[in-house]
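A.B. asks: I have a structure here, written as structure tokens, and I will follow up with some questions on it.
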Amino acid sequence: MSTSMTTPRTSDQVEETDRTPRRRFAMPRLLGTATDITAILILIIAVFAVLDFQSFFTAQNFTQILINAALLLVMAVGATFVLITGGVDLSVGSVLVFSGVIAAKVMELMGSAGWGASLVGILAALLAGTAWGCVNGLVITKLRVPPLIATLGSYGAAQGLAQIITNGNDMKNVPTELVDTLGFGRVLGVPILVIVALVVALIGGLVLWSTRYGRRTYAVGSNPEAARRAGINVDRHLIKVYAVAGLLAGLAGILSFAKFGTTTLAGHATDNLNVIAAVVIGGTSLFGGVGTMVGTVVGTLIPATLANGLVIVGLNSFWRDFAVGVVLVAAVYLDQLRRRSRTSR
Amino acid sequence: MTTNTPLLEAREVTKRFGAVDALRGASFQIFPGEVVALMGDNGAGKSTLIKTMCGVYAPDGGDVLFEGRSVAGRSPKEIQALGIETVYQDLALAPELDTPGNLFLGREQLMPGILGFFGVLAKSAMRQRASTVLTELSVKIKDIKAPVNTLSGGQQQSVAVARAVTWADKLVIMDEPTAALGVPQTQAVLALIRTVKESGRSVILISHSLPDVMQVADRIEVLRLGRRVAQLTAAEATEEQIVGAMTGAWTQEAAA
């Protein structure tokens, strides 16, 4: 368990550890584990800017990148908490679809028009998402099913239920109020979709960095047994973390419905992997206990920037998948290097 | 030995795990301000006795008394609330958290007012308190904001002890605190134990190491096969007596 972390070293190694500065640069204080990856994002932006400054390096294009990344970012905020606890949530894409379907059904009952229907729809999506999150949390903590399997189960179940409810046909009647706000609305030129995603990331970051909830999320991922002995109710905390991940998938569901004007039944099968890739690229460790929200934002922007930039410079967007794959493996390799240099010094 | 009430006392405690009699009427006493070493061979029941006294196990028979009142069967949390903290052998630190984070694990201090209502941590207050505690215990940690897995084994041990001392008003129980440490780190931990004693708190030290025990303990209680076989004053005890009691070559009739 924690023995590898707490195994004492011999005295000469101790001396060395005490003298070696913990980190080589001053910047990491601010960015934490996200330093390297932020540099990579800046590099990517610089390369595209050099290749085609006029098309790529514009406010309009950056806004487009943010719009494309918004849904993933909302889900990635929840996944950051989940991964920091040492868990994983494969169900987010299906929960997004399921929540969108529930919202669509509820709004249909209310005529699919008007602010009343829209607000009830938003609420329904959030509730549906949270419900799935609670199911995930309960299965993981009470039935002791590993997170990978528990959420793989709800990945299938939520997708299946969404198709049962809709009979496999996408629902497309979105209230115009939702389309005009969450879908395509702008405040001072900034899409509301982007504002929502950034506010979610900001709140998520503050919660993670400055609150007891955030601190305990790290503690539970770092050493659950230590957390338990310190009087933390580990099970209850995990349920809350998965519930929040579900809530945010529900939010992504209503955003997606408003943006695309359809429940996109078949469109989110690989969201879970994209979300995990983004969070891990951002420096959050799959082993738990380590991660930052800044990293997650950067990790979400890298695939979005690559997809956008590659098309602008005239390459096929399929190259994005290849490039993201390389960046993902490189990010985890860097994480491993960092761990090795720390524990075997 | 003093005549007042023991701070913590186990009386004829029995504990079975299936077919195994882990404790067969084990007794133990510690008085306020004392350092008592609990010794015994592997399987003598030291850990079981400690876990029974701090609420992890409920005794099958016998009684556990704190300041004369029975506390047998209370939960670990209730025992902690009495001012008793345990440093386990595996330290139970969160390796990715920093020193204040570990010191306040599960007891995070919140900001006053509206920020506290939203669960915002009082990080600087906790950091200051951590620095104070570490200074009091003469523990030097270069960067208390560094994750504890970047600290040496001895320093991690110190953090675990510091956490116990921070919250234990009455008694700190240490399970083999020096077992995995080198000579200088061991001396640092023993110095820590003396500091805790000087602050008026008691320490139960589970240890295999006779030299360590002789350095810091006021008394030694020896368990063998789930029963107390000797109660010795450290200053008067000889190595032969202690080893004899642990191996069964010598039994002190009054001890059981």
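If you're wondering about the labels, chains in the structure tokens are A, B, ... by order shown, residues count from 1 in each chain, ligands from 1 in order shown.
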For Met75 in chain A, please output as a VMD selection string all residues within 12 Å (counting only C-alpha atoms; exclusion window: fewer than 2 positions along the same chain).
C.D. replies: chain A and resid 69 to 73 77 to 82 89 to 96 129 197 to 198 200 to 201 204 242 244 to 253 255 to 256 268 271 to 279 296 to 297 300
A.B. asks: Could you take the residues named above and write them with N, CA and C atoms, as a compact mmCIF listing (two decimals), in the first residue's frame?
C.D. replies:
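Once written, out-v3.txt looks like this:
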```
# COMPACT_ATOMS: atom_id res chain seq x y z
N ALA A 69 -13.91 23.13 -27.55
CA ALA A 69 -13.39 22.45 -26.37
C ALA A 69 -14.35 22.50 -25.18
N ALA A 70 -15.41 23.35 -25.28
CA ALA A 70 -16.23 23.65 -24.10
C ALA A 70 -16.86 22.41 -23.46
N LEU A 71 -17.49 21.56 -24.29
CA LEU A 71 -18.19 20.40 -23.72
C LEU A 71 -17.21 19.47 -23.00
N LEU A 72 -16.09 19.20 -23.69
CA LEU A 72 -15.09 18.32 -23.07
C LEU A 72 -14.56 18.94 -21.78
N LEU A 73 -14.38 20.26 -21.79
CA LEU A 73 -13.82 20.91 -20.60
C LEU A 73 -14.75 20.73 -19.40
N VAL A 77 -13.52 18.75 -16.00
CA VAL A 77 -13.44 19.30 -14.64
C VAL A 77 -13.86 18.23 -13.63
N GLY A 78 -14.98 17.56 -13.93
CA GLY A 78 -15.43 16.49 -13.04
C GLY A 78 -14.44 15.34 -13.01
N ALA A 79 -13.90 15.01 -14.21
CA ALA A 79 -12.98 13.88 -14.30
C ALA A 79 -11.68 14.16 -13.54
N THR A 80 -11.30 15.44 -13.44
CA THR A 80 -10.10 15.78 -12.69
C THR A 80 -10.24 15.34 -11.23
N PHE A 81 -11.41 15.65 -10.65
CA PHE A 81 -11.65 15.22 -9.26
C PHE A 81 -11.61 13.68 -9.17
N VAL A 82 -12.28 13.04 -10.13
CA VAL A 82 -12.35 11.57 -10.09
C VAL A 82 -10.96 10.96 -10.18
N ASP A 89 -13.81 7.59 -14.59
CA ASP A 89 -15.23 7.60 -14.94
C ASP A 89 -15.38 7.46 -16.44
N LEU A 90 -15.76 6.25 -16.87
CA LEU A 90 -15.92 5.99 -18.29
C LEU A 90 -17.33 6.32 -18.78
N SER A 91 -18.21 6.72 -17.85
CA SER A 91 -19.62 6.83 -18.21
C SER A 91 -20.01 8.21 -18.75
N VAL A 92 -19.08 9.20 -18.71
CA VAL A 92 -19.50 10.59 -18.93
C VAL A 92 -20.22 10.83 -20.26
N GLY A 93 -19.71 10.27 -21.37
CA GLY A 93 -20.34 10.51 -22.66
C GLY A 93 -21.77 10.00 -22.72
N SER A 94 -21.97 8.79 -22.17
CA SER A 94 -23.32 8.22 -22.15
C SER A 94 -24.24 9.00 -21.22
N VAL A 95 -23.68 9.45 -20.10
CA VAL A 95 -24.49 10.23 -19.16
C VAL A 95 -24.88 11.55 -19.80
N LEU A 96 -23.96 12.13 -20.59
CA LEU A 96 -24.27 13.35 -21.36
C LEU A 96 -25.48 13.10 -22.25
N GLY A 129 -27.97 13.63 -14.61
CA GLY A 129 -26.53 13.41 -14.53
C GLY A 129 -26.08 13.07 -13.12
N ALA A 197 -18.41 27.05 -19.58
CA ALA A 197 -17.32 26.09 -19.40
C ALA A 197 -16.19 26.69 -18.56
N LEU A 198 -15.84 27.94 -18.85
CA LEU A 198 -14.74 28.55 -18.11
C LEU A 198 -15.12 28.81 -16.65
N VAL A 200 -17.24 27.00 -14.93
CA VAL A 200 -17.19 25.68 -14.29
C VAL A 200 -15.74 25.32 -13.94
N ALA A 201 -14.83 25.58 -14.89
CA ALA A 201 -13.42 25.26 -14.64
C ALA A 201 -12.87 26.12 -13.50
N GLY A 204 -14.36 24.87 -10.26
CA GLY A 204 -13.74 23.57 -9.98
C GLY A 204 -12.32 23.76 -9.47
N TYR A 242 -18.05 11.35 -7.48
CA TYR A 242 -18.69 10.80 -8.68
C TYR A 242 -20.00 11.51 -8.99
N VAL A 244 -20.57 14.70 -8.49
CA VAL A 244 -20.21 15.95 -9.17
C VAL A 244 -19.83 15.68 -10.62
N ALA A 245 -19.08 14.59 -10.85
CA ALA A 245 -18.72 14.23 -12.23
C ALA A 245 -19.98 13.99 -13.05
N GLY A 246 -20.98 13.33 -12.43
CA GLY A 246 -22.25 13.09 -13.12
C GLY A 246 -23.01 14.39 -13.38
N LEU A 247 -23.03 15.25 -12.36
CA LEU A 247 -23.70 16.55 -12.49
C LEU A 247 -23.13 17.32 -13.68
N LEU A 248 -21.80 17.33 -13.80
CA LEU A 248 -21.17 18.08 -14.89
C LEU A 248 -21.42 17.41 -16.24
N ALA A 249 -21.51 16.08 -16.27
CA ALA A 249 -21.89 15.40 -17.51
C ALA A 249 -23.32 15.78 -17.89
N GLY A 250 -24.18 15.93 -16.88
CA GLY A 250 -25.55 16.37 -17.12
C GLY A 250 -25.58 17.79 -17.70
N LEU A 251 -24.74 18.65 -17.13
CA LEU A 251 -24.64 20.03 -17.64
C LEU A 251 -24.16 19.99 -19.09
N ALA A 252 -23.15 19.16 -19.36
CA ALA A 252 -22.66 19.03 -20.73
C ALA A 252 -23.78 18.53 -21.64
N GLY A 253 -24.67 17.68 -21.09
CA GLY A 253 -25.79 17.15 -21.87
C GLY A 253 -26.72 18.25 -22.36
N LEU A 255 -25.98 21.47 -22.56
CA LEU A 255 -25.20 22.35 -23.43
C LEU A 255 -25.12 21.77 -24.84
N SER A 256 -24.87 20.45 -24.88
CA SER A 256 -24.75 19.78 -26.17
C SER A 256 -26.08 19.84 -26.93
N HIS A 268 -21.26 10.51 -28.85
CA HIS A 268 -20.40 10.72 -27.68
C HIS A 268 -19.76 9.44 -27.15
N ASP A 271 -16.23 10.13 -25.94
CA ASP A 271 -16.01 11.28 -25.05
C ASP A 271 -15.21 10.89 -23.81
N ASN A 272 -15.57 9.72 -23.24
CA ASN A 272 -14.92 9.31 -22.00
C ASN A 272 -13.40 9.25 -22.17
N LEU A 273 -12.97 8.66 -23.29
CA LEU A 273 -11.53 8.54 -23.52
C LEU A 273 -10.90 9.90 -23.80
N ASN A 274 -11.62 10.75 -24.55
CA ASN A 274 -11.09 12.09 -24.82
C ASN A 274 -10.94 12.89 -23.53
N VAL A 275 -11.93 12.73 -22.64
CA VAL A 275 -11.88 13.45 -21.37
C VAL A 275 -10.69 12.97 -20.53
N ILE A 276 -10.55 11.66 -20.43
CA ILE A 276 -9.44 11.12 -19.63
C ILE A 276 -8.10 11.54 -20.23
N ALA A 277 -8.01 11.48 -21.58
CA ALA A 277 -6.78 11.90 -22.24
C ALA A 277 -6.46 13.35 -21.89
N ALA A 278 -7.47 14.22 -21.95
CA ALA A 278 -7.25 15.64 -21.67
C ALA A 278 -6.76 15.84 -20.24
N VAL A 279 -7.41 15.16 -19.29
CA VAL A 279 -7.05 15.34 -17.88
C VAL A 279 -5.64 14.81 -17.61
N THR A 296 -5.79 20.67 -16.44
CA THR A 296 -6.93 20.13 -17.18
C THR A 296 -7.38 21.07 -18.28
N VAL A 297 -7.40 22.37 -17.99
CA VAL A 297 -7.79 23.35 -19.02
C VAL A 297 -6.81 23.26 -20.18
N THR A 300 -7.21 20.09 -22.15
CA THR A 300 -8.39 20.08 -23.02
C THR A 300 -8.13 20.92 -24.27
```
A.B. asks: Show me which bits of chain B are within 8 Å of chain A, counting only C-alpha atoms, as a count of residues only.
C.D. replies: 32
A.B. asks: What's around range 144-150 of chain A at 8 Å? Count only C-alpha atoms, leave out sequence neighbours fewer than 4 positions away in its own chain, and write the answer as an mmCIF file with N, CA and C atoms, in the first residue's frame.
C.D. replies:
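Saved to result-v7.cif:
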```
data_model
loop_
_atom_site.group_PDB
_atom_site.id
_atom_site.type_symbol
_atom_site.label_atom_id
_atom_site.label_comp_id
_atom_site.auth_asym_id
_atom_site.auth_seq_id
_atom_site.Cartn_x
_atom_site.Cartn_y
_atom_site.Cartn_z
ATOM 1 N N GLY A 87 -9.553 7.193 -9.087
ATOM 2 C CA GLY A 87 -10.609 6.481 -9.797
ATOM 3 C C GLY A 87 -10.630 6.843 -11.273
ATOM 4 N N VAL A 88 -11.695 6.465 -11.945
ATOM 5 C CA VAL A 88 -11.865 6.789 -13.360
ATOM 6 C C VAL A 88 -13.368 6.774 -13.630
ATOM 7 N N ASP A 89 -13.810 7.592 -14.589
ATOM 8 C CA ASP A 89 -15.230 7.601 -14.936
ATOM 9 C C ASP A 89 -15.376 7.456 -16.444
ATOM 10 N N LEU A 90 -15.759 6.255 -16.866
ATOM 11 C CA LEU A 90 -15.924 5.992 -18.295
ATOM 12 C C LEU A 90 -17.330 6.321 -18.779
ATOM 13 N N ASN A 136 -22.923 5.522 -9.809
ATOM 14 C CA ASN A 136 -21.507 5.150 -9.934
ATOM 15 C C ASN A 136 -20.845 5.096 -8.556
ATOM 16 N N VAL A 139 -22.109 2.170 -6.369
ATOM 17 C CA VAL A 139 -21.626 0.856 -6.831
ATOM 18 C C VAL A 139 -20.147 0.686 -6.464
ATOM 19 N N ILE A 140 -19.386 1.767 -6.602
ATOM 20 C CA ILE A 140 -17.954 1.686 -6.326
ATOM 21 C C ILE A 140 -17.688 1.515 -4.822
ATOM 22 N N SER A 154 -22.131 1.607 -16.291
ATOM 23 C CA SER A 154 -23.100 2.686 -16.501
ATOM 24 C C SER A 154 -22.914 3.342 -17.863
#
```
A.B. asks: Residues at most 8 Å from Gln252 in chain B, counting only C-alpha atoms, excluding those fewer than 6 positions away in the same chain, as a ChimeraX atom specification?
C.D. replies: /B:229-231,245
A.B. asks: Show which residues sit within 8 Å of Arg224 in chain B, as a PyMOL selection string. Count only C-alpha atoms, and ignore same-chain residues fewer than 2 positions away.
C.D. replies: chain B and resi 40-41+44-45+222+226-229+245-248
A.B. asks: Those residues you just picked out, can you put them in a file as an mmCIF file, in the first residue's frame with N, CA and C atoms?
C.D. replies:
```cif
data_model
loop_
_atom_site.group_PDB
_atom_site.id
_atom_site.type_symbol
_atom_site.label_atom_id
_atom_site.label_comp_id
_atom_site.auth_asym_id
_atom_site.auth_seq_id
_atom_site.Cartn_x
_atom_site.Cartn_y
_atom_site.Cartn_z
ATOM 1 N N GLY B 40 7.891 -7.484 23.686
ATOM 2 C CA GLY B 40 7.447 -8.854 23.533
ATOM 3 C C GLY B 40 7.880 -9.377 22.186
ATOM 4 N N ASP B 41 7.965 -10.693 22.092
ATOM 5 C CA ASP B 41 8.372 -11.317 20.839
ATOM 6 C C ASP B 41 7.272 -11.134 19.796
ATOM 7 N N ALA B 44 3.373 -11.874 20.371
ATOM 8 C CA ALA B 44 3.085 -11.851 21.814
ATOM 9 C C ALA B 44 1.768 -11.150 22.103
ATOM 10 N N GLY B 45 1.271 -10.361 21.144
ATOM 11 C CA GLY B 45 -0.005 -9.684 21.324
ATOM 12 C C GLY B 45 0.117 -8.184 21.529
ATOM 13 N N VAL B 222 6.329 -6.354 29.728
ATOM 14 C CA VAL B 222 6.632 -7.388 28.735
ATOM 15 C C VAL B 222 5.434 -8.317 28.569
ATOM 16 N N GLY B 226 0.262 -13.443 24.860
ATOM 17 C CA GLY B 226 -1.006 -12.792 25.180
ATOM 18 C C GLY B 226 -1.205 -12.466 26.650
ATOM 19 N N ARG B 227 -0.123 -12.494 27.427
ATOM 20 C CA ARG B 227 -0.246 -12.222 28.855
ATOM 21 C C ARG B 227 0.949 -11.380 29.310
ATOM 22 N N ARG B 228 0.720 -10.535 30.332
ATOM 23 C CA ARG B 228 1.860 -9.763 30.831
ATOM 24 C C ARG B 228 2.726 -10.665 31.703
ATOM 25 N N VAL B 229 4.028 -10.682 31.426
ATOM 26 C CA VAL B 229 4.906 -11.558 32.196
ATOM 27 C C VAL B 229 5.917 -10.774 33.027
ATOM 28 N N ALA B 245 12.205 -12.562 29.996
ATOM 29 C CA ALA B 245 10.753 -12.427 30.072
ATOM 30 C C ALA B 245 10.131 -12.591 28.685
ATOM 31 N N MET B 246 10.804 -12.031 27.671
ATOM 32 C CA MET B 246 10.262 -12.119 26.315
ATOM 33 C C MET B 246 10.273 -13.553 25.810
ATOM 34 N N THR B 247 11.304 -14.306 26.161
ATOM 35 C CA THR B 247 11.431 -15.664 25.630
ATOM 36 C C THR B 247 10.793 -16.706 26.527
ATOM 37 N N GLY B 248 10.421 -16.338 27.735
ATOM 38 C CA GLY B 248 9.784 -17.297 28.622
ATOM 39 C C GLY B 248 10.747 -17.948 29.585
#
```
A.B. asks: Can you list, as a list in words, every protein, DNA or RNA residue that comes within 7 Å of range 324-328 of chain A when you count only C-alpha atoms, leaving out same-chain residues fewer than 2 positions away?
C.D. replies: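 These residues fall inside the cut-off: Ala277, Ile281, Pro303, Arg320, Asp321, Phe322, Ala330, Ala331 and Val332 of chain A.
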